[in-house]
Every structure is written in C-alpha cells, then in structure tokens.
Amino acid sequence: MALWSCSNDAKHITPTVSNLTESVYSSVIIQPDSNYEVFAAVNGILDRFLVSEGDSVSIGQPIAQVINTMPKLNAQNAQVALQLAQQNAGSNSTIIGNIKDEIKNAELNAQNAKVNFDRQQNLWNQNIGSKVELDARKLTYETATNQVKMLQDKLKRNQYELNAALNQARIQYQTAATNTKDFTIVSKINGMCYSINKSKGELISAQMPIATIGSSSKFIIEMLIDEVDIAQLELNQKILVTLDAYKNNVFEARIVKIYPSKDQRTQTFKVEGEFVTKPEKLFPGLSGEANIVISSKDNIVTIPNEYISENDEVNTDDGMLKVQIGVKNMEMSEIISDIDTSLKIYPLE
C-alpha cells in the first residue's frame with residue numbers, strides 16, 4: 001500500500017518496496033465440462049422427453065423420442081422378412097430339404113438304371129438280347145445321371161440365391177433398425193441435463209438444439225483473452241478467480257487449454273482453466289473475474305499506475321521525472337530507475 005501525506009496542500013506519495021504480481025485480466029464464465037447441445041438426427045415431431053432439467057444422464061441413455069410410426073413399421077416388416085430369409089437359408093430350410101429329397105430319389109433312379117444297363121451290357125456281350133434294348137437301357141441310365149447333376153446344380157443355385165436373399169434382408173433390417181434408432185435421441189456422456197429447449201408436439205429438425213447436457217461434477221473456467229495478451233499465456237499457469245456468487249473469496253485454478261484460433265467478432269482467444277481449489281457448489285453460467293499470473297517479483301520499488309504519465313514520467317518537486325517501468329499489473333508498476341523511496345510524487349496535473 002502506498003503511504004499518503006500532505007505537503008503544501010497537495011497530496012503526495014512516496015515509492016514503496018513491496019511484492020508485485022504481473023497478471024492478465026479476464027472476465028470468466030463457468031461452464032460444465034464436455035458441455036454440448038443436443039441435436040436430433042432426423043426431422044420430425046417431438047413425441048416426449050424422457051428426462052427433465054436437472055436429471056442425471058448416462059452414456060447411451062434415451063433422453064427424447066421423436067414420433068416414428070412409419071420407420072417403426074418398416075423395421076418390423078424388415079424383421080419379418082429377415083426371419084423368413086433365415087428360415088429359407090437355414091439348415092432346416094423346406095426349400096433346400098425338398099431339393100435334397102429330389103436328389104436322393106434321382107440318385108436311386110440312376111443307380112437302378114446303371115444296374116439295368118450293366119445287366120443288359122453283360123447279356124449283349126454274350127450275344128443275348130438286342131441292340132435296341134441295350135441302347136434303351138443306356139439312354140435311361142444317362143438320363144437319370146443327368147437328372148442327378150441338374151438337381152445338384154439346382155441345389156447350389158438355390159443355396160446361393162437364398163444366402164444372397166438372407167444377406168440382403170439382414171442389410172435391410174439393419175438399415176431400418178438404424179433409421180428407427182435415429183428417432184430416439186440419447187446422451188453422449190455421463191452428466192446432467194441442464195436445459196430443455198423444446199416441448200412435446202413441437203416440430204424439430206437436425207439444425208435445432210433441443211437440450212443441453214454437460215458434466216455434473218467437473219466444471220471449466222471459460223475466459224476470453226485479448227490478442228495483445230495471448231502470447232504471454234502458457235498451460236498450467238496459475239489463475240486467481242473471484243466469482244460474483246462468492247464475494248470476498250479467491251479460488252486458485254490453472255490453464256488447461258488455449259484455443260489457437262482467434263474469434264474475429266470479439267478479437268479474442270478462448271482459454272479454459274480448471275479449479276485447483278473450487279467452491280462448494282458450482283452452476284453453469286456463474287460469472288466473475290480472473291487474473292492469470294504471468295510473473296511475480298518480491299521486494300521491488302513500486303508506484304501506483306495513476307501517478308505515472310503516458311510518457312512514463314512522474315510529478316516531483318523538481319518537475320516531471322522520467323522513470324523506467326518494469327513489470328506492472330492493473331494497480332501498480334515496478335520502477336527500475338534508481339530513485340529514492342523518500343521521493344515525493346504528486347498527482348498528475
């Protein structure tokens with residue numbers, strides 16, 4: 001603190017030896033960590049919310065439902081088609097079973113035809129029987145053999161077609177089921193529902209946020225830093241935070257993230273901090289002030305900033321005196337010049 005006295009009816013101070021902390025100032029807003037706006041994946045009419053503001057939510061928990069009559073019916077139809085395709089392509093398939101029975105009968109016919117042909121061939125070799133009978137037996141055998149081959153090809157073709165139909169039915173069902181899931185909006189994180197922006201029966205779209213969800217236990221300190229100060233900031237730098245909700249309390253925090261892109265509208269950079277010592281209760285939107293500690297010096301000569309001119313001069317008994325400024329904060333400046341601590345300094349005229 002500067003010591004004040006009066007001389008010739010003019011207030012004056014003398015330089016003081018004190019500790020000085022250089023800091024960057026910013027206003028702050030408290031936000032839940034992982035805070036995000038909830039959007040629907042589809043356009044439609046909001047059927048109902050499954051949670052209320054202030055409710056805890058978990059990853060994957062449904063929080064809202066959009067009316068989905070047609071997609072639901074499509075999914076049910078696709079499920080029925082999939083079940084039928086599974087039956088047709090399965091090990092107990094009636095279609096495949098019938099073809100296999102046909103193959104067994106055809107193989108029996110071919111075996112009988114071969115026996116008859118072989119018998120007739122033996123008789124012919126013994127000059128018994130006619131050539132017409134031998135040729136007829138041979139034709140019967142060849143026809144039966146071809147029938148077996150045709151049925152085997154038919155079995156392979158049907159198995160391929162039924163498996164292809166099964167895969168197609170499975171894809172259609174998965175697509176229909178996915179479309180149905182799009183009508184159920186779920187939470188992406190474990191946290192809390194902080195706000196609900198829509199009511200039952202309202203039309204919603206994929207561009208409209210319907211709710212806000214964020215962490216219920218971890219909060220971040222959001223700061224907007226002027227571009228002239230951003231180069232002085234580094235990760236893990238100490239932050240001294242005061243909140244309007246906790247008057248006369250100072251909370252320690254640290255920088256955890258510096259966003260590299262400048263907001264062209266505000267000409268500021270977004271910086272996030274987290275509490276080292278935090279209040280007992282925190283709520284989204286709490287406001288306050290922060291001083292980010294850049295450097296700290298002990299036992300240095302300081303003067304209040306209002307006694308230093310824009311040209312770095314102070315008003316003394318001998319007139320304006322040029323001084324050299326070191327570190328400074330919002331209130332005080334370090335004087336590097338070799339001046340006596342008894343020097344009387346007067347308010348600027």
# chains A, B, ... in the order shown; residues from 1 in each chain; ligands from 1

$ closest_atom_pairs --of "segment 250-292 of chain A" --to "segment 221-228 of chain A" --cutoff "8 Å" --atoms "only C-alpha atoms" --output "tab-separated table"
residue	atom	partner	partner_atom	distance
A:Lys262	CA	A:Glu227	CA	7.9
A:Gln267	CA	A:Glu227	CA	6.7
A:Thr268	CA	A:Asp226	CA	4.7
A:Phe269	CA	A:Ile225	CA	5.1
A:Lys270	CA	A:Leu224	CA	4.8
A:Val271	CA	A:Met223	CA	5.1
A:Glu272	CA	A:Glu222	CA	4.8
A:Gly273	CA	A:Ile221	CA	4.8
A:Glu274	CA	A:Ile221	CA	5.9
A:Phe275	CA	A:Ile221	CA	7.7

$ residues_around --residues "segment 94-96 of chain A" --least-positions-apart "3" --cutoff "8 Å" --atoms "only C-alpha atoms" --output "PyMOL selection string"
chain A and resi 88-89+99-100+155+158-159

$ write_last_selection --atoms "C-alpha atoms" --output "PDB file, in the first residue's frame"
ATOM      1  CA  ASN A  88     -35.259 -70.369 -46.113  1.00  0.00           C
ATOM      2  CA  ALA A  89     -31.461 -70.357 -45.924  1.00  0.00           C
ATOM      3  CA  ILE A  99     -34.391 -80.363 -53.426  1.00  0.00           C
ATOM      4  CA  LYS A 100     -32.224 -82.748 -51.401  1.00  0.00           C
ATOM      5  CA  LEU A 155     -29.358 -77.113 -55.036  1.00  0.00           C
ATOM      6  CA  ASN A 158     -30.889 -72.154 -54.621  1.00  0.00           C
ATOM      7  CA  GLN A 159     -28.420 -72.170 -51.737  1.00  0.00           C
TER       8      GLN A 159
END

$ select_by_dssp --residues "segment 168-238 of chain A" --states "strand (DSSP E)" --output "VMD selection string"
chain A and resid 184 to 186 191 to 196 203 to 204 209 to 214 219 to 226 238

$ write_last_selection --atoms "N, CA and C atoms" --output "short mmCIF file (atom, residue, chain, number, x, y, z; two decimals), in the first residue's frame"
data_model
loop_
_atom_site.label_atom_id
_atom_site.label_comp_id
_atom_site.auth_asym_id
_atom_site.auth_seq_id
_atom_site.Cartn_x
_atom_site.Cartn_y
_atom_site.Cartn_z
N THR A 184 -34.76 -42.02 -31.67
CA THR A 184 -34.54 -41.98 -30.22
C THR A 184 -33.23 -41.24 -29.96
N ILE A 185 -33.30 -40.12 -29.28
CA ILE A 185 -32.13 -39.28 -29.02
C ILE A 185 -31.52 -39.69 -27.69
N VAL A 186 -30.21 -39.97 -27.70
CA VAL A 186 -29.55 -40.48 -26.49
C VAL A 186 -28.44 -39.54 -26.05
N GLY A 191 -23.51 -37.37 -17.27
CA GLY A 191 -23.57 -36.00 -16.79
C GLY A 191 -24.95 -35.62 -16.34
N MET A 192 -25.37 -34.40 -16.74
CA MET A 192 -26.66 -33.85 -16.31
C MET A 192 -27.31 -33.12 -17.47
N CYS A 193 -28.64 -33.18 -17.51
CA CYS A 193 -29.41 -32.39 -18.47
C CYS A 193 -29.64 -31.01 -17.85
N TYR A 194 -29.01 -29.99 -18.43
CA TYR A 194 -29.08 -28.65 -17.85
C TYR A 194 -30.24 -27.82 -18.39
N SER A 195 -30.62 -28.07 -19.63
CA SER A 195 -31.73 -27.28 -20.18
C SER A 195 -32.45 -28.09 -21.25
N ILE A 196 -33.75 -27.81 -21.40
CA ILE A 196 -34.59 -28.41 -22.43
C ILE A 196 -35.25 -27.27 -23.19
N LEU A 203 -42.34 -29.23 -33.70
CA LEU A 203 -41.57 -29.69 -34.84
C LEU A 203 -40.09 -29.41 -34.59
N ILE A 204 -39.26 -30.42 -34.78
CA ILE A 204 -37.82 -30.25 -34.58
C ILE A 204 -37.09 -30.65 -35.86
N PRO A 209 -31.06 -27.20 -31.74
CA PRO A 209 -30.70 -27.85 -30.47
C PRO A 209 -31.95 -28.00 -29.61
N ILE A 210 -32.13 -29.18 -29.05
CA ILE A 210 -33.33 -29.42 -28.24
C ILE A 210 -33.02 -29.46 -26.74
N ALA A 211 -31.73 -29.58 -26.39
CA ALA A 211 -31.36 -29.65 -24.97
C ALA A 211 -29.87 -29.37 -24.83
N THR A 212 -29.43 -29.19 -23.59
CA THR A 212 -28.01 -29.01 -23.28
C THR A 212 -27.62 -30.00 -22.20
N ILE A 213 -26.52 -30.71 -22.44
CA ILE A 213 -26.03 -31.71 -21.48
C ILE A 213 -24.55 -31.43 -21.21
N GLY A 214 -24.14 -31.63 -19.97
CA GLY A 214 -22.74 -31.44 -19.60
C GLY A 214 -22.41 -32.23 -18.35
N PHE A 219 -16.28 -28.78 -13.78
CA PHE A 219 -16.59 -27.52 -14.44
C PHE A 219 -15.31 -26.87 -14.95
N ILE A 220 -15.45 -26.10 -16.01
CA ILE A 220 -14.31 -25.39 -16.58
C ILE A 220 -14.53 -23.89 -16.44
N ILE A 221 -13.42 -23.16 -16.42
CA ILE A 221 -13.45 -21.70 -16.36
C ILE A 221 -13.18 -21.19 -17.77
N GLU A 222 -14.15 -20.53 -18.34
CA GLU A 222 -14.03 -20.06 -19.71
C GLU A 222 -13.64 -18.59 -19.71
N MET A 223 -12.55 -18.27 -20.41
CA MET A 223 -12.04 -16.89 -20.45
C MET A 223 -11.81 -16.47 -21.89
N LEU A 224 -11.99 -15.18 -22.17
CA LEU A 224 -11.71 -14.59 -23.48
C LEU A 224 -10.56 -13.60 -23.31
N ILE A 225 -9.43 -13.92 -23.94
CA ILE A 225 -8.20 -13.14 -23.74
C ILE A 225 -7.92 -12.27 -24.96
N ASP A 226 -7.62 -11.00 -24.69
CA ASP A 226 -7.30 -10.07 -25.77
C ASP A 226 -6.04 -10.52 -26.50
N LYS A 238 -0.92 -20.23 -13.24
CA LYS A 238 -1.83 -20.04 -12.12
C LYS A 238 -2.88 -18.97 -12.43
#

$ closest_residue --among "A:Val301, A:Ala290, A:Val314, A:Ala64" --to "Phe183 of chain A" --atoms "only C-alpha atoms"
A:Ala64

$ closest_residue --among "A:Ile303, A:Ala85, A:Ile30, A:Ile13" --to "Asn167 of chain A" --atoms "only C-alpha atoms"
A:Ala85

$ residues_around --residues "Thr242 of chain A" --least-positions-apart "4" --cutoff "12 Å" --atoms "only C-alpha atoms" --output "mmCIF file with C-alpha atoms, in the first residue's frame"
data_model
loop_
_atom_site.group_PDB
_atom_site.id
_atom_site.type_symbol
_atom_site.label_atom_id
_atom_site.label_comp_id
_atom_site.auth_asym_id
_atom_site.auth_seq_id
_atom_site.Cartn_x
_atom_site.Cartn_y
_atom_site.Cartn_z
ATOM 1 C CA TYR A 25 -7.130 -9.917 -16.555
ATOM 2 C CA SER A 26 -10.215 -11.594 -17.969
ATOM 3 C CA SER A 27 -13.880 -11.949 -17.189
ATOM 4 C CA VAL A 28 -14.938 -15.566 -16.655
ATOM 5 C CA ILE A 29 -17.964 -17.754 -17.228
ATOM 6 C CA ILE A 30 -18.294 -21.135 -15.515
ATOM 7 C CA ILE A 221 -13.451 -21.698 -16.356
ATOM 8 C CA TYR A 246 -18.818 -15.996 -3.696
ATOM 9 C CA LYS A 247 -17.901 -12.473 -2.661
ATOM 10 C CA ASN A 248 -14.552 -11.946 -0.927
ATOM 11 C CA ASN A 249 -13.348 -15.446 -1.887
ATOM 12 C CA VAL A 250 -10.406 -16.115 -4.179
ATOM 13 C CA PHE A 251 -10.103 -19.550 -5.809
ATOM 14 C CA GLU A 252 -6.955 -20.940 -7.362
ATOM 15 C CA ALA A 253 -7.081 -22.507 -10.823
ATOM 16 C CA PHE A 275 -10.111 -25.237 -10.432
ATOM 17 C CA THR A 277 -9.429 -25.133 -5.128
ATOM 18 C CA LYS A 278 -13.082 -24.782 -6.041
ATOM 19 C CA PRO A 279 -16.279 -23.536 -4.410
ATOM 20 C CA LEU A 286 -21.690 -18.249 -12.973
ATOM 21 C CA SER A 287 -19.665 -15.143 -13.775
ATOM 22 C CA GLY A 288 -16.661 -13.473 -12.240
ATOM 23 C CA GLU A 289 -13.135 -12.235 -12.863
ATOM 24 C CA ALA A 290 -9.771 -13.909 -13.300
ATOM 25 C CA ASN A 291 -6.175 -12.768 -13.007
ATOM 26 C CA ILE A 292 -3.734 -15.069 -14.786
#

$ closest_residue --among "A:Pro304, A:Glu331, A:Glu102, A:Asp182" --to "Asn43 of chain A" --atoms "only C-alpha atoms"
A:Asp182

$ select_by_dssp --residues "segment 130-263 of chain A" --states "helix (DSSP H, G or I)" --output "PyMOL selection string"
chain A and resi 131-181+230-232

$ closest_residue --among "A:Ser216, A:Asn77, A:Ile103, A:Val241" --to "Asp153 of chain A" --atoms "only C-alpha atoms"
A:Ile103

$ closest_residue --among "A:Ala78, A:Ile128, A:Leu134, A:Ile300" --to "Val17 of chain A" --atoms "only C-alpha atoms"
A:Ile300
